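Colleague: This one is structure29.pdb, PDB, C-alpha atoms.
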ATOM      1  CA  MET K 203     -35.559  72.821 -91.946
ATOM      2  CA  ARG K 204     -36.480  70.540 -89.086
ATOM      3  CA  ALA K 205     -37.110  66.886 -89.946
ATOM      4  CA  VAL K 206     -38.069  63.677 -88.211
ATOM      5  CA  LEU K 207     -36.111  60.670 -89.460
ATOM      6  CA  SER K 208     -36.923  57.039 -88.739
ATOM      7  CA  LEU K 209     -33.917  54.709 -88.655
ATOM      8  CA  GLY K 210     -33.933  50.929 -88.977
ATOM      9  CA  SER K 211     -31.497  48.074 -89.476
ATOM     10  CA  ASN K 212     -31.761  44.299 -89.341
ATOM     11  CA  LEU K 213     -28.554  43.103 -91.032
ATOM     12  CA  GLY K 214     -24.943  43.242 -89.902
ATOM     13  CA  ASP K 215     -23.924  45.508 -87.028
ATOM     14  CA  ARG K 216     -27.376  47.000 -86.615
ATOM     15  CA  LEU K 217     -26.444  49.453 -83.867
ATOM     16  CA  ALA K 218     -23.389  50.727 -85.749
ATOM     17  CA  TYR K 219     -25.529  51.417 -88.820
ATOM     18  CA  LEU K 220     -27.992  53.473 -86.757
ATOM     19  CA  LYS K 221     -25.144  55.315 -85.070
ATOM     20  CA  SER K 222     -23.621  56.148 -88.474
ATOM     21  CA  VAL K 223     -26.644  58.325 -89.245
ATOM     22  CA  ILE K 224     -26.347  60.290 -86.011
ATOM     23  CA  ASP K 225     -22.597  60.708 -86.496
ATOM     24  CA  PHE K 226     -23.118  61.910 -90.068
ATOM     25  CA  PHE K 227     -25.629  64.613 -89.150
ATOM     26  CA  GLY K 228     -23.622  65.664 -86.084
ATOM     27  CA  PRO K 229     -24.566  69.165 -84.970
ATOM     28  CA  ALA K 230     -27.881  69.037 -86.867
ATOM     29  CA  VAL K 231     -29.133  66.339 -84.474
ATOM     30  CA  VAL K 232     -31.558  67.840 -81.978
ATOM     31  CA  ALA K 233     -32.676  64.613 -80.267
ATOM     32  CA  VAL K 234     -32.321  60.847 -80.611
ATOM     33  CA  SER K 235     -34.668  58.263 -79.158
ATOM     34  CA  SER K 236     -33.609  55.140 -77.372
ATOM     35  CA  VAL K 237     -32.996  52.058 -79.487
ATOM     36  CA  TYR K 238     -35.920  49.655 -79.805
ATOM     37  CA  GLU K 239     -36.042  46.117 -81.151
ATOM     38  CA  THR K 240     -39.040  45.252 -83.286
ATOM     39  CA  LYS K 241     -40.409  42.418 -85.328
ATOM     40  CA  PRO K 242     -40.221  42.941 -89.100
ATOM     41  CA  TRP K 243     -43.133  44.669 -90.804
ATOM     42  CA  GLY K 244     -44.385  43.647 -94.248
ATOM     43  CA  VAL K 245     -42.083  40.683 -94.902
ATOM     44  CA  GLU K 246     -41.973  38.794 -91.611
ATOM     45  CA  ASP K 247     -39.448  36.057 -92.478
ATOM     46  CA  GLN K 248     -36.314  38.067 -91.625
ATOM     47  CA  PRO K 249     -34.300  39.125 -88.556
ATOM     48  CA  ASP K 250     -35.666  41.604 -86.021
ATOM     49  CA  PHE K 251     -34.961  45.297 -86.521
ATOM     50  CA  LEU K 252     -33.293  47.868 -84.374
ATOM     51  CA  ASN K 253     -35.189  51.142 -84.687
ATOM     52  CA  ALA K 254     -34.743  54.708 -83.504
ATOM     53  CA  VAL K 255     -36.089  58.124 -84.402
ATOM     54  CA  CYS K 256     -34.101  61.320 -84.544
ATOM     55  CA  ILE K 257     -35.029  64.948 -84.935
ATOM     56  CA  VAL K 258     -32.631  66.969 -87.049
ATOM     57  CA  ASP K 259     -32.585  70.655 -87.882
ATOM     58  CA  ASP K 260     -30.494  72.455 -90.474
ATOM     59  CA  PRO K 261     -31.581  75.695 -92.165
ATOM     60  CA  GLU K 262     -29.539  74.702 -95.229
ATOM     61  CA  ARG K 263     -31.528  71.499 -95.844
ATOM     62  CA  ASP K 264     -34.996  71.104 -97.346
ATOM     63  CA  GLU K 265     -37.046  67.912 -97.610
ATOM     64  CA  TRP K 266     -35.147  66.775-100.736
ATOM     65  CA  SER K 267     -31.804  67.323 -99.065
ATOM     66  CA  TRP K 268     -32.853  65.172 -96.100
ATOM     67  CA  LEU K 269     -34.021  62.462 -98.516
ATOM     68  CA  ARG K 270     -30.783  62.516-100.542
ATOM     69  CA  ALA K 271     -28.647  62.417 -97.398
ATOM     70  CA  GLY K 272     -30.596  59.405 -96.110
ATOM     71  CA  GLN K 273     -30.208  57.633 -99.445
ATOM     72  CA  GLU K 274     -26.472  58.319 -99.420
ATOM     73  CA  LEU K 275     -26.139  56.879 -95.919
ATOM     74  CA  GLU K 276     -28.051  53.767 -97.023
ATOM     75  CA  ARG K 277     -25.710  53.432-100.019
ATOM     76  CA  ARG K 278     -22.634  53.750 -97.784
ATOM     77  CA  ALA K 279     -24.072  51.016 -95.557
ATOM     78  CA  GLY K 280     -24.305  48.708 -98.575
ATOM     79  CA  ARG K 281     -28.087  48.605 -98.674
ATOM     80  CA  VAL K 282     -29.447  46.506-101.516
ATOM     81  CA  ARG K 283     -33.094  46.962-102.536
ATOM     82  CA  GLU K 284     -34.156  43.519-103.706
ATOM     83  CA  LEU K 285     -37.424  43.033-101.849
ATOM     84  CA  ARG K 286     -39.932  45.648-100.689
ATOM     85  CA  TRP K 287     -39.943  45.656 -96.863
ATOM     86  CA  GLY K 288     -37.119  43.122 -97.007
ATOM     87  CA  PRO K 289     -33.979  42.916 -94.875
ATOM     88  CA  ARG K 290     -31.614  45.870 -94.961
ATOM     89  CA  THR K 291     -28.408  47.118 -93.465
ATOM     90  CA  LEU K 292     -29.886  50.590 -93.058
ATOM     91  CA  ASP K 293     -33.185  52.298 -93.703
ATOM     92  CA  VAL K 294     -33.496  56.071 -93.282
ATOM     93  CA  ASP K 295     -37.046  57.316 -93.786
ATOM     94  CA  VAL K 296     -37.956  60.980 -93.851
ATOM     95  CA  VAL K 297     -41.110  60.953 -91.724
ATOM     96  CA  THR K 298     -41.921  64.658 -91.848
ATOM     97  CA  VAL K 299     -40.184  67.949 -92.593
ATOM     98  CA  ASP K 300     -41.599  71.111 -90.986
ATOM     99  CA  GLY K 301     -45.127  70.050 -91.912
ATOM    100  CA  VAL K 302     -44.321  69.894 -95.658
ATOM    101  CA  ARG K 303     -46.786  67.777 -97.651
ATOM    102  CA  SER K 304     -45.573  65.975-100.780
ATOM    103  CA  ASP K 305     -47.333  63.645-103.211
ATOM    104  CA  ASP K 306     -44.189  63.125-105.287
ATOM    105  CA  PRO K 307     -43.757  59.323-105.646
ATOM    106  CA  GLU K 308     -40.084  59.668-104.716
ATOM    107  CA  LEU K 309     -40.799  61.653-101.547
ATOM    108  CA  LEU K 310     -44.205  61.125 -99.984
ATOM    109  CA  LEU K 311     -44.654  63.352 -96.938
ATOM    110  CA  PRO K 312     -45.586  62.608 -94.339
ATOM    111  CA  HIS K 313     -44.033  59.199 -94.829
ATOM    112  CA  PRO K 314     -46.746  56.660 -95.703
ATOM    113  CA  GLY K 315     -47.515  54.076 -93.074
ATOM    114  CA  THR K 316     -46.133  56.127 -90.191
ATOM    115  CA  ARG K 317     -49.473  56.237 -88.387
ATOM    116  CA  GLU K 318     -49.672  52.410 -88.442
ATOM    117  CA  ARG K 319     -46.149  51.751 -87.165
ATOM    118  CA  ALA K 320     -45.649  51.646 -83.439
ATOM    119  CA  SER K 321     -41.945  51.164 -84.252
ATOM    120  CA  VAL K 322     -41.906  54.815 -85.369
ATOM    121  CA  LEU K 323     -44.577  56.295 -83.100
ATOM    122  CA  ILE K 324     -43.124  55.049 -79.789
ATOM    123  CA  PRO K 325     -39.562  56.362 -80.277
ATOM    124  CA  TRP K 326     -40.896  59.607 -81.774
ATOM    125  CA  LEU K 327     -43.077  60.241 -78.723
ATOM    126  CA  GLU K 328     -40.120  59.527 -76.464
ATOM    127  CA  ILE K 329     -38.239  62.544 -77.832
ATOM    128  CA  ASP K 330     -41.223  64.764 -78.719
ATOM    129  CA  PRO K 331     -44.271  64.138 -76.501
ATOM    130  CA  ALA K 332     -46.218  66.859 -78.357
ATOM    131  CA  ALA K 333     -45.458  65.453 -81.828
ATOM    132  CA  VAL K 334     -48.093  65.793 -84.537
ATOM    133  CA  LEU K 335     -48.151  63.848 -87.805
ATOM    134  CA  PRO K 336     -49.377  66.369 -90.401
ATOM    135  CA  GLY K 337     -52.803  65.448 -91.712
ATOM    136  CA  HIS K 338     -53.257  62.719 -89.098
ATOM    137  CA  GLY K 339     -53.107  64.400 -85.696
ATOM    138  CA  PRO K 340     -51.201  63.947 -82.460
ATOM    139  CA  VAL K 341     -48.779  61.028 -82.484
ATOM    140  CA  ARG K 342     -49.959  60.131 -78.968
ATOM    141  CA  ASP K 343     -53.500  59.563 -80.318
ATOM    142  CA  LEU K 344     -52.227  57.567 -83.293
ATOM    143  CA  LEU K 345     -50.263  55.295 -80.961
ATOM    144  CA  ALA K 346     -53.250  54.861 -78.636
ATOM    145  CA  ALA K 347     -55.297  53.685 -81.642
ATOM    146  CA  ARG K 348     -52.829  50.883 -82.425
ATOM    147  CA  PRO K 349     -53.637  47.362 -81.187
ATOM    148  CA  ASP K 350     -51.994  46.322 -77.907
ATOM    149  CA  SER K 351     -50.056  43.637 -79.781
ATOM    150  CA  ASP K 352     -48.512  46.290 -82.050
ATOM    151  CA  ARG K 353     -47.430  48.516 -79.161
ATOM    152  CA  GLN K 354     -46.107  45.575 -77.144
ATOM    153  CA  SER K 355     -44.018  44.319 -80.068
ATOM    154  CA  VAL K 356     -41.750  47.380 -79.743
ATOM    155  CA  ARG K 357     -39.212  46.487 -77.055
ATOM    156  CA  LEU K 358     -36.930  49.077 -75.459
ATOM    157  CA  LEU K 359     -33.376  47.860 -75.921
ATOM    158  CA  GLN K 360     -31.115  50.656 -74.652
ATOM    159  CA  PRO K 361     -30.557  54.384 -74.644
ATOM    160  CA  PHE K 362     -28.933  55.569 -77.843
ATOM    161  CA  PRO K 363     -25.131  55.434 -77.458
ATOM    162  CA  ARG K 364     -24.711  59.205 -77.787
ATOM    163  CA  GLN K 365     -25.506  62.160 -75.606
ATOM    164  CA  GLN K 366     -28.240  64.467 -76.819
ATOM    165  CA  ARG K 367     -27.676  68.186 -77.118
ATOM    166  CA  PRO K 368     -29.258  70.266 -74.351
TER     167      PRO K 368
END
Rewrite the structure from the file as structure tokens, please.

Modeller:
Amino acid sequence: MRAVLSLGSNLGDRLAYLKSVIDFFGPAVVAVSSVYETKPWGVEDQPDFLNAVCIVDDPERDEWSWLRAGQELERRAGRVRELRWGPRTLDVDVVTVDGVRSDDPELLLPHPGTRERASVLIPWLEIDPAAVLPGHGPVRDLLAARPDSDRQSVRLLQPFPRQQRP
């Protein structure tokens, strides 16, 4: 199944943690956005984040498999969950999987809060200009509805240090 994953890190070697996700999924990676630097969301007294979005596709994986893989990558990165929206070495969120909807508390799909986070919407649009967030509409429209301050807080840092597949 095809999935959209949101990646974030604000502790340690932030770029290396993001790159570890892309390296792990290897051939399943369809596209990777540039890397953006953003202010923290939720708990603001912490370092800035590096964020990226990737699209992955693997017929052997369903939404639960993408979730478990992301959790394993967070574990390998030494992520500690002490504070909701707190600092982290790595955060891998499953944003959407082939339009699947889930109300399971462990796997809410589409990922809650996506439509309010320019830090997800901007990199997602970069790699999929026709993206649609199931149940909420075109990502382009969701981004346009965000306040200017929200959109401007997402700063392009650099292209992702990996070539995308054609």

Colleague: Hey, could you make a per-residue contact list for range 331-362 of chain K against range 297-309 of chain K with 10 Å as the cut-off, showing the nearest pair of atoms and its distance in Å to one decimal, counting all atoms listed in the file, sorted by chain and number, as JSON lines?

Modeller:
{"residue": "K:Val334", "atom": "CA", "partner": "K:Gly301", "partner_atom": "CA", "distance": 9.0}
{"residue": "K:Leu335", "atom": "CA", "partner": "K:Thr298", "partner_atom": "CA", "distance": 7.5}
{"residue": "K:Pro336", "atom": "CA", "partner": "K:Gly301", "partner_atom": "CA", "distance": 5.8}
{"residue": "K:Gly337", "atom": "CA", "partner": "K:Arg303", "partner_atom": "CA", "distance": 8.8}

Colleague: Go ahead and dump the residues you just picked, C-alpha atoms, as a tab-separated table (two decimals), in the coordinates of the input.

Modeller:
chain	number	residue	atom	x	y	z
K	334	VAL	CA	-48.09	65.79	-84.54
K	335	LEU	CA	-48.15	63.85	-87.80
K	336	PRO	CA	-49.38	66.37	-90.40
K	337	GLY	CA	-52.80	65.45	-91.71

Colleague: Select, from K:Leu252, K:Leu327, K:Ala271, K:Ala346, the residue with the minimum atom-to-atom distance to Ala218 in chain K, counting only C-alpha atoms.

Modeller: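 When distances to Ala218 in chain K are compared using only C-alpha atoms, the smallest one comes from K:Leu252.
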
Colleague: Mind giving me the straight-line distance from CA of Ala230 in chain K to CA of Trp268 in chain K in Å, one decimal?

Modeller: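 Taking CA of Ala230 in chain K and CA of Trp268 in chain K, their separation equals 11.2 Å.
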
Colleague: Please report the interatomic distance between CA of Val341 in chain K and CA of Leu323 in chain K in Å with one decimal.

Modeller: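 According to the coordinates, CA of Val341 in chain K and CA of Leu323 in chain K are separated by 6.4 Å.
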
Colleague: Pick out the residues sitting within 8 Å of Lys241 in chain K, and hand them over as a short mmCIF file (atom, residue, chain, number, x, y, z; two decimals) with C-alpha atoms, in the coordinates of the input; count all atoms listed in the file, and ignore anything fewer than 3 positions along from it in its own chain.

Modeller:
data_model
loop_
_atom_site.label_atom_id
_atom_site.label_comp_id
_atom_site.auth_asym_id
_atom_site.auth_seq_id
_atom_site.Cartn_x
_atom_site.Cartn_y
_atom_site.Cartn_z
CA GLU K 246 -41.97 38.79 -91.61
CA PRO K 249 -34.30 39.12 -88.56
CA ASP K 250 -35.67 41.60 -86.02
CA PHE K 251 -34.96 45.30 -86.52
CA SER K 355 -44.02 44.32 -80.07
CA VAL K 356 -41.75 47.38 -79.74
#

Colleague: Which is closer to Asp264 in chain K than all the others in K:Ile224, K:Ser211, K:Val296, K:Pro314, using all atoms listed in the file?

Modeller: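 Using all atoms listed in the file, Asp264 in chain K sits closest to K:Val296.
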
Colleague: Just checking: using all atoms listed in the file, which residue out of K:Arg317, K:Arg357, K:Arg290, K:Lys221 ends up closest to Glu276 in chain K?

Modeller: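 Residue with the minimum atom-to-atom distance to Glu276 in chain K: K:Arg290.
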
Colleague: Starting from the sparse input, extend range 249-260 of chain K to all heavy atoms and give the output as a PDB file, in the coordinates of the input.

Modeller:
ATOM      1  N   PRO K 249     -34.705  38.792 -89.927  1.00  0.00           N
ATOM      2  CA  PRO K 249     -34.300  39.125 -88.556  1.00  0.00           C
ATOM      3  C   PRO K 249     -35.040  40.354 -88.012  1.00  0.00           C
ATOM      4  O   PRO K 249     -35.519  41.199 -88.773  1.00  0.00           O
ATOM      5  CB  PRO K 249     -32.799  39.430 -88.699  1.00  0.00           C
ATOM      6  CG  PRO K 249     -32.380  38.805 -89.985  1.00  0.00           C
ATOM      7  CD  PRO K 249     -33.586  38.821 -90.876  1.00  0.00           C
ATOM      8  N   ASP K 250     -35.072  40.447 -86.678  1.00  0.00           N
ATOM      9  CA  ASP K 250     -35.666  41.604 -86.021  1.00  0.00           C
ATOM     10  C   ASP K 250     -34.875  42.868 -86.342  1.00  0.00           C
ATOM     11  O   ASP K 250     -33.675  42.813 -86.634  1.00  0.00           O
ATOM     12  CB  ASP K 250     -35.699  41.411 -84.504  1.00  0.00           C
ATOM     13  CG  ASP K 250     -36.745  40.382 -84.079  1.00  0.00           C
ATOM     14  OD1 ASP K 250     -37.546  39.942 -84.921  1.00  0.00           O
ATOM     15  OD2 ASP K 250     -36.753  40.037 -82.885  1.00  0.00           O
ATOM     16  N   PHE K 251     -35.555  43.990 -86.246  1.00  0.00           N
ATOM     17  CA  PHE K 251     -34.961  45.297 -86.521  1.00  0.00           C
ATOM     18  C   PHE K 251     -34.554  46.006 -85.244  1.00  0.00           C
ATOM     19  O   PHE K 251     -35.184  45.824 -84.201  1.00  0.00           O
ATOM     20  CB  PHE K 251     -35.975  46.208 -87.232  1.00  0.00           C
ATOM     21  CG  PHE K 251     -36.067  45.982 -88.701  1.00  0.00           C
ATOM     22  CD1 PHE K 251     -36.867  44.979 -89.213  1.00  0.00           C
ATOM     23  CD2 PHE K 251     -35.342  46.770 -89.587  1.00  0.00           C
ATOM     24  CE1 PHE K 251     -36.953  44.761 -90.576  1.00  0.00           C
ATOM     25  CE2 PHE K 251     -35.421  46.559 -90.957  1.00  0.00           C
ATOM     26  CZ  PHE K 251     -36.231  45.553 -91.447  1.00  0.00           C
ATOM     27  N   LEU K 252     -33.534  46.814 -85.354  1.00  0.00           N
ATOM     28  CA  LEU K 252     -33.293  47.868 -84.374  1.00  0.00           C
ATOM     29  C   LEU K 252     -33.854  49.127 -85.002  1.00  0.00           C
ATOM     30  O   LEU K 252     -33.640  49.384 -86.193  1.00  0.00           O
ATOM     31  CB  LEU K 252     -31.805  48.055 -84.076  1.00  0.00           C
ATOM     32  CG  LEU K 252     -31.114  46.941 -83.313  1.00  0.00           C
ATOM     33  CD1 LEU K 252     -29.703  47.382 -82.923  1.00  0.00           C
ATOM     34  CD2 LEU K 252     -31.899  46.498 -82.094  1.00  0.00           C
ATOM     35  N   ASN K 253     -34.584  49.909 -84.208  1.00  0.00           N
ATOM     36  CA  ASN K 253     -35.189  51.142 -84.687  1.00  0.00           C
ATOM     37  C   ASN K 253     -34.897  52.286 -83.734  1.00  0.00           C
ATOM     38  O   ASN K 253     -34.777  52.079 -82.530  1.00  0.00           O
ATOM     39  CB  ASN K 253     -36.710  50.994 -84.803  1.00  0.00           C
ATOM     40  CG  ASN K 253     -37.124  50.016 -85.855  1.00  0.00           C
ATOM     41  OD1 ASN K 253     -37.431  48.865 -85.551  1.00  0.00           O
ATOM     42  ND2 ASN K 253     -37.132  50.437 -87.093  1.00  0.00           N
ATOM     43  N   ALA K 254     -34.853  53.476 -84.289  1.00  0.00           N
ATOM     44  CA  ALA K 254     -34.743  54.708 -83.504  1.00  0.00           C
ATOM     45  C   ALA K 254     -35.332  55.825 -84.353  1.00  0.00           C
ATOM     46  O   ALA K 254     -35.518  55.679 -85.569  1.00  0.00           O
ATOM     47  CB  ALA K 254     -33.290  55.008 -83.145  1.00  0.00           C
ATOM     48  N   VAL K 255     -35.625  56.928 -83.713  1.00  0.00           N
ATOM     49  CA  VAL K 255     -36.089  58.124 -84.402  1.00  0.00           C
ATOM     50  C   VAL K 255     -35.200  59.266 -83.961  1.00  0.00           C
ATOM     51  O   VAL K 255     -34.810  59.348 -82.782  1.00  0.00           O
ATOM     52  CB  VAL K 255     -37.570  58.420 -84.076  1.00  0.00           C
ATOM     53  CG1 VAL K 255     -37.970  59.812 -84.528  1.00  0.00           C
ATOM     54  CG2 VAL K 255     -38.470  57.383 -84.728  1.00  0.00           C
ATOM     55  N   CYS K 256     -34.859  60.127 -84.908  1.00  0.00           N
ATOM     56  CA  CYS K 256     -34.101  61.320 -84.544  1.00  0.00           C
ATOM     57  C   CYS K 256     -34.777  62.551 -85.134  1.00  0.00           C
ATOM     58  O   CYS K 256     -35.456  62.476 -86.157  1.00  0.00           O
ATOM     59  CB  CYS K 256     -32.645  61.225 -84.973  1.00  0.00           C
ATOM     60  SG  CYS K 256     -32.358  61.201 -86.737  1.00  0.00           S
ATOM     61  N   ILE K 257     -34.587  63.649 -84.447  1.00  0.00           N
ATOM     62  CA  ILE K 257     -35.029  64.948 -84.935  1.00  0.00           C
ATOM     63  C   ILE K 257     -33.778  65.706 -85.315  1.00  0.00           C
ATOM     64  O   ILE K 257     -32.823  65.780 -84.529  1.00  0.00           O
ATOM     65  CB  ILE K 257     -35.835  65.701 -83.864  1.00  0.00           C
ATOM     66  CG1 ILE K 257     -37.098  64.916 -83.507  1.00  0.00           C
ATOM     67  CG2 ILE K 257     -36.197  67.108 -84.353  1.00  0.00           C
ATOM     68  CD1 ILE K 257     -37.874  65.480 -82.328  1.00  0.00           C
ATOM     69  N   VAL K 258     -33.772  66.227 -86.533  1.00  0.00           N
ATOM     70  CA  VAL K 258     -32.631  66.969 -87.049  1.00  0.00           C
ATOM     71  C   VAL K 258     -33.112  68.340 -87.512  1.00  0.00           C
ATOM     72  O   VAL K 258     -34.262  68.506 -87.891  1.00  0.00           O
ATOM     73  CB  VAL K 258     -31.937  66.203 -88.205  1.00  0.00           C
ATOM     74  CG1 VAL K 258     -31.203  64.975 -87.683  1.00  0.00           C
ATOM     75  CG2 VAL K 258     -32.953  65.783 -89.268  1.00  0.00           C
ATOM     76  N   ASP K 259     -32.216  69.304 -87.476  1.00  0.00           N
ATOM     77  CA  ASP K 259     -32.585  70.655 -87.882  1.00  0.00           C
ATOM     78  C   ASP K 259     -31.372  71.315 -88.521  1.00  0.00           C
ATOM     79  O   ASP K 259     -30.299  71.368 -87.922  1.00  0.00           O
ATOM     80  CB  ASP K 259     -33.046  71.468 -86.668  1.00  0.00           C
ATOM     81  CG  ASP K 259     -33.773  72.745 -87.054  1.00  0.00           C
ATOM     82  OD1 ASP K 259     -33.857  73.064 -88.265  1.00  0.00           O
ATOM     83  OD2 ASP K 259     -34.261  73.432 -86.143  1.00  0.00           O
ATOM     84  N   ASP K 260     -31.562  71.773 -89.748  1.00  0.00           N
ATOM     85  CA  ASP K 260     -30.494  72.455 -90.474  1.00  0.00           C
ATOM     86  C   ASP K 260     -31.159  73.424 -91.450  1.00  0.00           C
ATOM     87  O   ASP K 260     -31.868  72.987 -92.363  1.00  0.00           O
ATOM     88  CB  ASP K 260     -29.640  71.430 -91.225  1.00  0.00           C
ATOM     89  CG  ASP K 260     -28.452  72.050 -91.947  1.00  0.00           C
ATOM     90  OD1 ASP K 260     -28.446  73.283 -92.168  1.00  0.00           O
ATOM     91  OD2 ASP K 260     -27.539  71.296 -92.304  1.00  0.00           O
TER      92      ASP K 260
END
